[in-house]
file my_file_5.cif (mmCIF, C-alpha atoms and all ligand atoms)
data_target
#
loop_
_atom_site.label_atom_id
_atom_site.label_comp_id
_atom_site.auth_asym_id
_atom_site.auth_seq_id
_atom_site.Cartn_x
_atom_site.Cartn_y
_atom_site.Cartn_z
CA MET A 1 -17.59 3.82 -5.79
CA ILE A 2 -14.81 2.14 -3.80
CA VAL A 3 -12.47 -0.35 -5.52
CA THR A 4 -9.99 -2.25 -3.33
CA ILE A 5 -6.74 -3.77 -4.55
CA ASP A 6 -4.94 -5.93 -1.99
CA GLY A 7 -2.09 -8.37 -2.42
CA VAL A 8 1.37 -9.51 -1.48
CA ALA A 9 4.46 -7.27 -1.39
CA ALA A 10 5.57 -5.89 -4.78
CA SER A 11 2.74 -7.66 -6.61
CA GLY A 12 1.97 -4.43 -8.48
CA LYS A 13 -0.69 -2.96 -6.18
CA SER A 14 0.37 0.71 -6.49
CA SER A 15 1.04 0.56 -10.23
CA VAL A 16 -2.25 -1.21 -10.96
CA ALA A 17 -4.25 0.99 -8.53
CA SER A 18 -2.76 4.12 -10.10
CA GLY A 19 -3.59 2.93 -13.65
CA VAL A 20 -7.14 1.92 -12.74
CA ALA A 21 -7.72 5.18 -10.87
CA ARG A 22 -6.44 7.22 -13.82
CA ALA A 23 -8.74 5.31 -16.20
CA LEU A 24 -11.69 6.04 -13.92
CA ASN A 25 -10.54 9.61 -13.26
CA ILE A 26 -10.68 9.10 -9.48
CA PRO A 27 -7.89 9.13 -6.84
CA TYR A 28 -6.13 6.10 -5.42
CA LEU A 29 -5.05 5.67 -1.80
CA SER A 30 -1.88 3.82 -0.81
CA SER A 31 -2.39 2.50 2.73
CA GLY A 32 1.11 0.99 2.69
CA LEU A 33 2.57 4.46 2.33
CA LEU A 34 0.94 5.46 5.64
CA TYR A 35 2.47 2.40 7.38
CA ARG A 36 5.82 3.23 5.80
CA ALA A 37 5.55 6.86 6.94
CA ALA A 38 4.75 5.91 10.53
CA THR A 39 7.68 3.47 10.50
CA TRP A 40 10.03 6.12 9.09
CA ALA A 41 8.81 8.56 11.79
CA ALA A 42 9.54 6.01 14.54
CA LEU A 43 12.97 5.15 13.14
CA SER A 44 13.97 8.78 12.64
CA GLN A 45 12.97 9.66 16.22
CA ARG A 46 14.51 6.43 17.60
CA LEU A 47 11.17 5.26 18.99
CA PRO A 48 10.56 1.56 19.69
CA LEU A 49 8.43 -0.38 17.19
CA THR A 50 7.23 -2.74 19.90
CA ASP A 51 5.11 -0.14 21.72
CA ALA A 52 2.51 2.01 19.96
CA ALA A 53 2.23 4.68 22.68
CA PRO A 54 5.35 6.77 21.89
CA LEU A 55 4.68 6.59 18.13
CA LEU A 56 1.02 7.58 18.48
CA SER A 57 1.98 10.39 20.80
CA LEU A 58 4.48 11.67 18.18
CA LEU A 59 1.83 11.52 15.42
CA ASN A 60 -0.71 13.31 17.66
CA ARG A 61 1.88 15.93 18.67
CA TRP A 62 2.70 16.65 15.00
CA GLU A 63 -1.03 17.08 14.34
CA ALA A 64 -1.50 19.38 17.36
CA ASP A 65 1.55 21.46 16.33
CA GLY A 66 0.08 22.05 12.86
CA THR A 67 2.58 19.75 11.08
CA PRO A 68 0.43 16.64 10.67
CA LEU A 69 1.59 13.55 8.80
CA THR A 70 -0.81 13.43 5.84
CA LEU A 71 -1.40 11.30 2.78
CA ARG A 72 -1.89 13.29 -0.43
CA PRO A 73 -3.63 10.95 -2.88
CA LEU A 74 -2.32 12.48 -6.12
CA PRO A 75 -3.17 10.60 -9.34
CA GLN A 76 0.47 10.39 -10.52
CA GLY A 77 1.58 8.92 -7.18
CA ASN A 78 0.63 9.25 -3.53
CA GLU A 79 2.77 11.51 -1.37
CA ILE A 80 3.32 11.81 2.37
CA TRP A 81 3.86 15.22 3.89
CA VAL A 82 4.79 16.20 7.45
CA GLY A 83 3.61 19.79 7.63
CA GLU A 84 5.24 21.47 4.62
CA GLN A 85 7.90 18.75 4.13
CA ASN A 86 7.43 16.10 1.44
CA VAL A 87 8.99 12.91 2.92
CA THR A 88 7.79 10.46 0.23
CA ASP A 89 11.28 9.75 -1.11
CA LEU A 90 12.38 8.53 2.35
CA LEU A 91 9.79 5.76 2.56
CA HIS A 92 10.88 3.11 0.04
CA THR A 93 14.21 2.25 1.64
CA THR A 94 15.58 -1.14 2.67
CA GLU A 95 15.49 0.05 6.30
CA VAL A 96 11.78 0.94 6.18
CA ASP A 97 11.07 -2.32 4.28
CA ALA A 98 12.78 -4.27 7.07
CA HIS A 99 10.85 -2.64 9.94
CA VAL A 100 7.43 -1.77 8.54
CA SER A 101 5.85 -5.19 9.19
CA ALA A 102 6.64 -4.89 12.92
CA ALA A 103 4.98 -1.47 13.14
CA ALA A 104 2.00 -2.78 11.14
CA GLN A 105 1.30 -5.37 13.85
CA LEU A 106 0.47 -2.63 16.40
CA PRO A 107 -3.35 -2.46 16.64
CA GLU A 108 -3.23 1.22 17.69
CA LEU A 109 -1.24 2.11 14.56
CA ARG A 110 -3.64 0.11 12.38
CA ALA A 111 -6.53 2.10 13.90
CA TRP A 112 -4.65 5.38 13.20
CA VAL A 113 -4.05 4.42 9.54
CA ASP A 114 -7.68 3.32 9.11
CA ALA A 115 -8.86 6.65 10.57
CA GLN A 116 -6.70 8.60 8.06
CA LEU A 117 -8.23 6.58 5.19
CA HIS A 118 -11.80 6.92 6.48
CA ARG A 119 -11.44 10.72 6.40
CA ILE A 120 -11.32 10.60 2.59
CA SER A 121 -14.61 10.64 0.67
CA PRO A 122 -15.21 8.12 -2.13
CA PRO A 123 -14.90 7.54 -5.03
CA PHE A 124 -11.38 6.07 -4.91
CA VAL A 125 -9.26 2.97 -5.44
CA ALA A 126 -7.66 1.84 -2.15
CA GLU A 127 -4.65 -0.49 -2.17
CA GLY A 128 -2.91 -2.43 0.59
CA ARG A 129 -3.42 -5.66 2.48
CA ASP A 130 -6.76 -5.36 4.29
CA MET A 131 -8.60 -2.76 2.19
CA GLY A 132 -11.28 -5.23 1.05
CA THR A 133 -11.59 -7.00 4.39
CA ALA A 134 -11.14 -4.73 7.44
CA VAL A 135 -11.10 -1.17 6.10
CA PHE A 136 -13.61 -0.98 3.22
CA PRO A 137 -15.61 -4.24 3.42
CA GLN A 138 -18.46 -2.42 1.64
CA ALA A 139 -16.35 -1.85 -1.52
CA GLN A 140 -18.20 -2.46 -4.79
CA ALA A 141 -15.27 -4.29 -6.39
CA LYS A 142 -12.35 -6.12 -4.77
CA PHE A 143 -9.15 -7.52 -6.26
CA TYR A 144 -6.27 -9.56 -4.85
CA LEU A 145 -2.95 -9.45 -6.73
CA GLU A 146 -0.47 -12.29 -6.64
CA ALA A 147 2.78 -13.22 -8.44
CA SER A 148 5.62 -15.58 -7.64
CA ALA A 149 8.30 -14.24 -5.30
CA ARG A 150 10.87 -14.61 -8.10
CA VAL A 151 8.89 -12.47 -10.57
CA ARG A 152 8.30 -9.82 -7.90
CA ALA A 153 11.98 -9.76 -6.96
CA GLN A 154 13.02 -9.46 -10.63
CA ARG A 155 10.78 -6.41 -10.99
CA ARG A 156 11.99 -4.86 -7.74
CA VAL A 157 15.69 -5.12 -8.65
CA GLN A 158 14.94 -3.05 -11.72
CA GLU A 159 13.74 -0.24 -9.42
CA ARG A 160 16.49 -0.53 -6.79
CA PRO A 161 19.72 -2.20 -7.89
CA GLN A 162 20.19 -5.01 -5.34
CA ASP A 163 21.05 -8.67 -5.26
CA LEU A 164 18.11 -10.73 -6.64
CA GLU A 165 18.37 -13.53 -4.05
CA SER A 166 18.35 -11.17 -1.07
CA VAL A 167 15.44 -9.13 -2.50
CA GLU A 168 13.44 -12.34 -3.00
CA ALA A 169 14.23 -13.50 0.55
CA ALA A 170 13.19 -10.10 1.96
CA LEU A 171 9.89 -10.19 0.02
CA ARG A 172 9.12 -13.71 1.29
CA LEU A 173 9.89 -12.62 4.87
CA ARG A 174 7.66 -9.52 4.57
CA ASP A 175 4.81 -11.67 3.16
CA GLU A 176 5.18 -14.02 6.15
CA ARG A 177 5.22 -11.17 8.68
CA ASP A 178 2.19 -9.51 7.00
CA ALA A 179 0.19 -12.73 6.72
CA ARG A 180 -2.13 -11.91 9.62
CA GLN A 181 -3.69 -8.86 7.90
CA SER A 182 -3.28 -10.11 4.32
CA ALA A 183 -6.02 -12.72 3.88
CA PRO A 184 -7.89 -12.05 0.64
CA ALA A 185 -11.52 -10.96 0.89
CA PRO A 186 -13.77 -13.94 0.04
CA ASP A 187 -15.39 -11.87 -2.72
CA ALA A 188 -12.10 -10.63 -4.24
CA VAL A 189 -11.14 -11.42 -7.86
CA HIS A 190 -7.63 -12.98 -7.83
CA ILE A 191 -5.22 -11.85 -10.54
CA ASP A 192 -1.73 -13.21 -11.19
CA THR A 193 0.24 -10.12 -12.25
CA GLY A 194 3.11 -12.35 -13.41
CA SER A 195 1.01 -13.36 -16.41
CA GLY A 196 0.75 -10.05 -18.25
CA THR A 197 2.05 -6.56 -18.77
CA LEU A 198 0.99 -3.76 -16.46
CA GLU A 199 -1.39 -2.44 -19.14
CA GLN A 200 -2.98 -5.91 -19.53
CA ILE A 201 -3.48 -6.26 -15.76
CA ILE A 202 -5.06 -2.80 -15.54
CA ALA A 203 -7.39 -3.72 -18.43
CA GLN A 204 -8.27 -6.99 -16.66
CA VAL A 205 -9.27 -5.10 -13.50
CA LEU A 206 -11.28 -2.56 -15.50
CA SER A 207 -13.12 -5.36 -17.30
CA HIS A 208 -14.60 -6.51 -13.96
CA LEU A 209 -15.96 -3.07 -13.05
CA PRO A 210 -19.52 -2.02 -13.75
CA ALA A 211 -19.80 0.18 -16.86
CA PRO A 212 -20.30 3.89 -16.01
CA PRO A 213 -23.91 5.06 -16.40
CA THR A 214 -24.71 6.47 -19.87
CA GLU A 215 -26.68 9.72 -20.29
N1 LIG B 301 2.16 -6.69 -14.72
C1 LIG B 301 3.33 -6.12 -14.58
N2 LIG B 301 4.25 -6.30 -15.53
C2 LIG B 301 5.47 -5.77 -15.38
N3 LIG B 301 5.89 -5.04 -14.31
C3 LIG B 301 5.00 -4.82 -13.35
C4 LIG B 301 3.69 -5.35 -13.43
N4 LIG B 301 3.04 -4.98 -12.31
C5 LIG B 301 3.93 -4.27 -11.58
N5 LIG B 301 5.09 -4.17 -12.21
C6 LIG B 301 6.30 -3.52 -11.70
O1 LIG B 301 6.61 -4.20 -10.49
C7 LIG B 301 7.18 -3.27 -9.57
C8 LIG B 301 6.42 -3.35 -8.25
O2 LIG B 301 5.12 -2.80 -8.45
P1 LIG B 301 4.43 -1.89 -7.33
O3 LIG B 301 5.41 -0.99 -6.67
O4 LIG B 301 3.24 -1.29 -7.99
O5 LIG B 301 3.99 -3.04 -6.32
P2 LIG B 301 3.36 -2.92 -4.86
O6 LIG B 301 2.57 -4.16 -4.68
O7 LIG B 301 2.65 -1.63 -4.71
O8 LIG B 301 4.70 -2.93 -3.99
P3 LIG B 301 4.86 -2.73 -2.39
O9 LIG B 301 4.04 -3.80 -1.75
O10 LIG B 301 6.31 -2.91 -2.08
O11 LIG B 301 4.37 -1.33 -2.11
C9 LIG B 301 7.14 -1.91 -10.25
O12 LIG B 301 8.39 -1.69 -10.85
C10 LIG B 301 6.09 -2.07 -11.33
O13 LIG B 301 6.29 -1.23 -12.45
N1 LIG B 302 -3.27 -2.30 4.32
C1 LIG B 302 -1.97 -2.45 4.65
C2 LIG B 302 -0.96 -1.90 3.88
C3 LIG B 302 0.34 -2.08 4.26
N2 LIG B 302 0.62 -2.74 5.40
C4 LIG B 302 2.00 -2.82 5.90
O1 LIG B 302 2.80 -1.82 5.30
C5 LIG B 302 3.89 -2.42 4.61
C6 LIG B 302 4.25 -1.62 3.40
O2 LIG B 302 3.19 -1.71 2.47
P1 LIG B 302 3.43 -1.74 0.90
O3 LIG B 302 2.07 -1.84 0.31
O4 LIG B 302 4.14 -0.48 0.55
O5 LIG B 302 4.24 -2.96 0.62
C7 LIG B 302 3.49 -3.88 4.37
O6 LIG B 302 4.63 -4.74 4.30
C8 LIG B 302 2.67 -4.16 5.64
O7 LIG B 302 3.51 -4.44 6.73
C9 LIG B 302 -0.38 -3.32 6.13
O8 LIG B 302 -0.13 -3.97 7.17
N3 LIG B 302 -1.67 -3.15 5.75
#

call {"tool": "encode", "arguments": {"input": "my_file_5.cif", "output": "structure tokens"}}
result
Amino acid sequence: MIVTIDGVAASGKSSVASGVARALNIPYLSSGLLYRAATWAALSQRLPLTDAAPLLSLLNRWEADGTPLTLRPLPQGNEIWVGEQNVTDLLHTTEVDAHVSAAAQLPELRAWVDAQLHRISPPFVAEGRDMGTAVFPQAQAKFYLEASARVRAQRRVQERPQDLESVEAALRLRDERDARQSAPAPDAVHIDTGSGTLEQIIAQVLSHLPAPPTE
């Protein structure tokens, strides 16, 4: 089974995907983490984000050298490793937030991310922007998470102490820049995550899934 959870920035995709995946005892895949990792790689090597060629050549070189950039879909939280180095903690920074949408517009990078995800065998819950549309259109269940920019900013400032107004403005800007790949799948169930606790939203998603077969 493939379940997709797409939605706007900080709408709760990772938290909900992780909770649903744990309830189903299957992994979840964070596609955003792969875009963040590629962006971090470009920034750390001072590569342009307007041209995919140098970035793709870096990613291919790391793979050829035996230090590939890989997504580890662990149930407690996805991790990104470059060879034997865990770089996950470097990916949720204001700098990566500010540049990731530019990198995500590069079609060659989108194809690279999609290829990493397609290497993984179902079952899983996949979260991002285009999981239910471009990447796994065959998914058995699709969800689209929404919440007002204010609610999302209030939640984010509890994770990273920052000014509420500037966090809200940055979220709105990222939504705008990501709009091209973020259209909901026509068959997705829309859920406003501002209207319940995390546990209630996870239960709401689970209630739409087919019951597991009984013996
Ligand atoms: N229904 C909810 N009630 C309360 N807090 C929530 C709810 N859903 C998510 N949160 C909190 O909101 C914050 C953002 O959630 P999360 O990181 O899962 O969103 P995201 O969509 O994956 O973000 P991003 O797009 O930046 O990767 C987290 O602190 C999470 O615990
Ligand atoms: N399917 C996806 C997932 C993500 N992106 C881009 O990555 C950024 C970070 O994603 P988060 O889920 O961690 O917010 C996001 O702002 C998009 O630019 C994407 O394009 N497609």

call {"tool": "residues_around", "arguments": {"input": "my_file_5.cif", "residues": "A:Ser121", "least_positions_apart": "4", "cutoff": "12 Å", "atoms": "all atoms listed in the file", "output": "number ranges by chain"}}
result
A: 1-2, 26-29, 73, 116-117, 125-126, 136

call {"tool": "closest_residue", "arguments": {"input": "my_file_5.cif", "among": "A:Ala183, A:Ala10, A:Ala211, A:Leu164", "to": "A:Asp130", "atoms": "all atoms listed in the file"}}
result
A:Ala183

call {"tool": "closest_atom_pairs", "arguments": {"input": "my_file_5.cif", "of": "chain A", "to": "ligand LIG 302 (chain B)", "cutoff": "9 Å", "atoms": "only C-alpha atoms and all ligand atoms", "output": "tab-separated table"}}
result
residue	atom	partner	partner_atom	distance
A:Asp6	CA	B:LIG302	N1	7.5
A:Gly7	CA	B:LIG302	O3	8.2
A:Val8	CA	B:LIG302	O5	7.5
A:Ala9	CA	B:LIG302	O5	4.8
A:Ala10	CA	B:LIG302	O5	6.3
A:Ser11	CA	B:LIG302	O5	8.8
A:Lys13	CA	B:LIG302	O3	7.1
A:Ser14	CA	B:LIG302	O3	7.5
A:Ser30	CA	B:LIG302	O3	7.0
A:Ser31	CA	B:LIG302	C2	4.8
A:Gly32	CA	B:LIG302	O2	3.4
A:Leu33	CA	B:LIG302	O4	5.5
A:Leu34	CA	B:LIG302	O1	7.5
A:Tyr35	CA	B:LIG302	O1	4.7
A:Arg36	CA	B:LIG302	C6	5.6
A:Thr39	CA	B:LIG302	O1	8.9
A:Leu91	CA	B:LIG302	O4	8.7
A:His92	CA	B:LIG302	O4	7.7
A:Val96	CA	B:LIG302	C6	8.4
A:Asp97	CA	B:LIG302	O6	6.9
A:Ala98	CA	B:LIG302	O6	8.6
A:His99	CA	B:LIG302	O7	8.2
A:Val100	CA	B:LIG302	O7	5.1
A:Ser101	CA	B:LIG302	O7	3.5
A:Ala102	CA	B:LIG302	O7	7.0
A:Ala103	CA	B:LIG302	O7	7.2
A:Ala104	CA	B:LIG302	O8	4.7
A:Gln105	CA	B:LIG302	O8	7.0
A:Arg110	CA	B:LIG302	O8	7.5
A:Val113	CA	B:LIG302	N1	8.5
A:Asp114	CA	B:LIG302	N1	8.6
A:Ala126	CA	B:LIG302	N1	8.8
A:Glu127	CA	B:LIG302	N1	6.9
A:Gly128	CA	B:LIG302	N1	3.7
A:Arg129	CA	B:LIG302	N1	3.8
A:Asp130	CA	B:LIG302	N1	4.6
A:Met131	CA	B:LIG302	N1	5.8
A:Ala134	CA	B:LIG302	N1	8.8
A:Val135	CA	B:LIG302	N1	8.1
A:Leu171	CA	B:LIG302	O6	8.7
A:Arg174	CA	B:LIG302	O6	5.7
A:Asp175	CA	B:LIG302	O6	7.0
A:Arg177	CA	B:LIG302	O7	7.2
A:Asp178	CA	B:LIG302	O7	5.2
A:Ala179	CA	B:LIG302	O8	8.8
A:Arg180	CA	B:LIG302	O8	8.5
A:Gln181	CA	B:LIG302	O8	6.1
A:Ser182	CA	B:LIG302	N3	7.3

call {"tool": "closest_residue", "arguments": {"input": "my_file_5.cif", "among": "A:Ile5, A:Ala52, A:Leu209, A:Leu43", "to": "ligand LIG 301 (chain B)", "atoms": "all atoms listed in the file"}}
result
A:Ile5

call {"tool": "closest_residue", "arguments": {"input": "my_file_5.cif", "among": "A:Asn25, A:Ser57, A:Thr197, A:Ser207", "to": "A:Ala38", "atoms": "only C-alpha atoms"}}
result
A:Ser57

call {"tool": "axis_aligned_box", "arguments": {"input": "my_file_5.cif", "around": "ligand LIG 301 (chain B)", "padding_each_side": "6 Å", "output": "lines of an AutoDock Vina configuration file"}}
result
center_x = 5.3
center_y = -3.8
center_z = -8.6
size_x = 18.2
size_y = 17.7
size_z = 25.8

call {"tool": "closest_residue", "arguments": {"input": "my_file_5.cif", "among": "A:Leu74, A:Ala42, A:Asn86, A:Ser148", "to": "A:Leu59", "atoms": "all atoms listed in the file"}}
result
A:Ala42
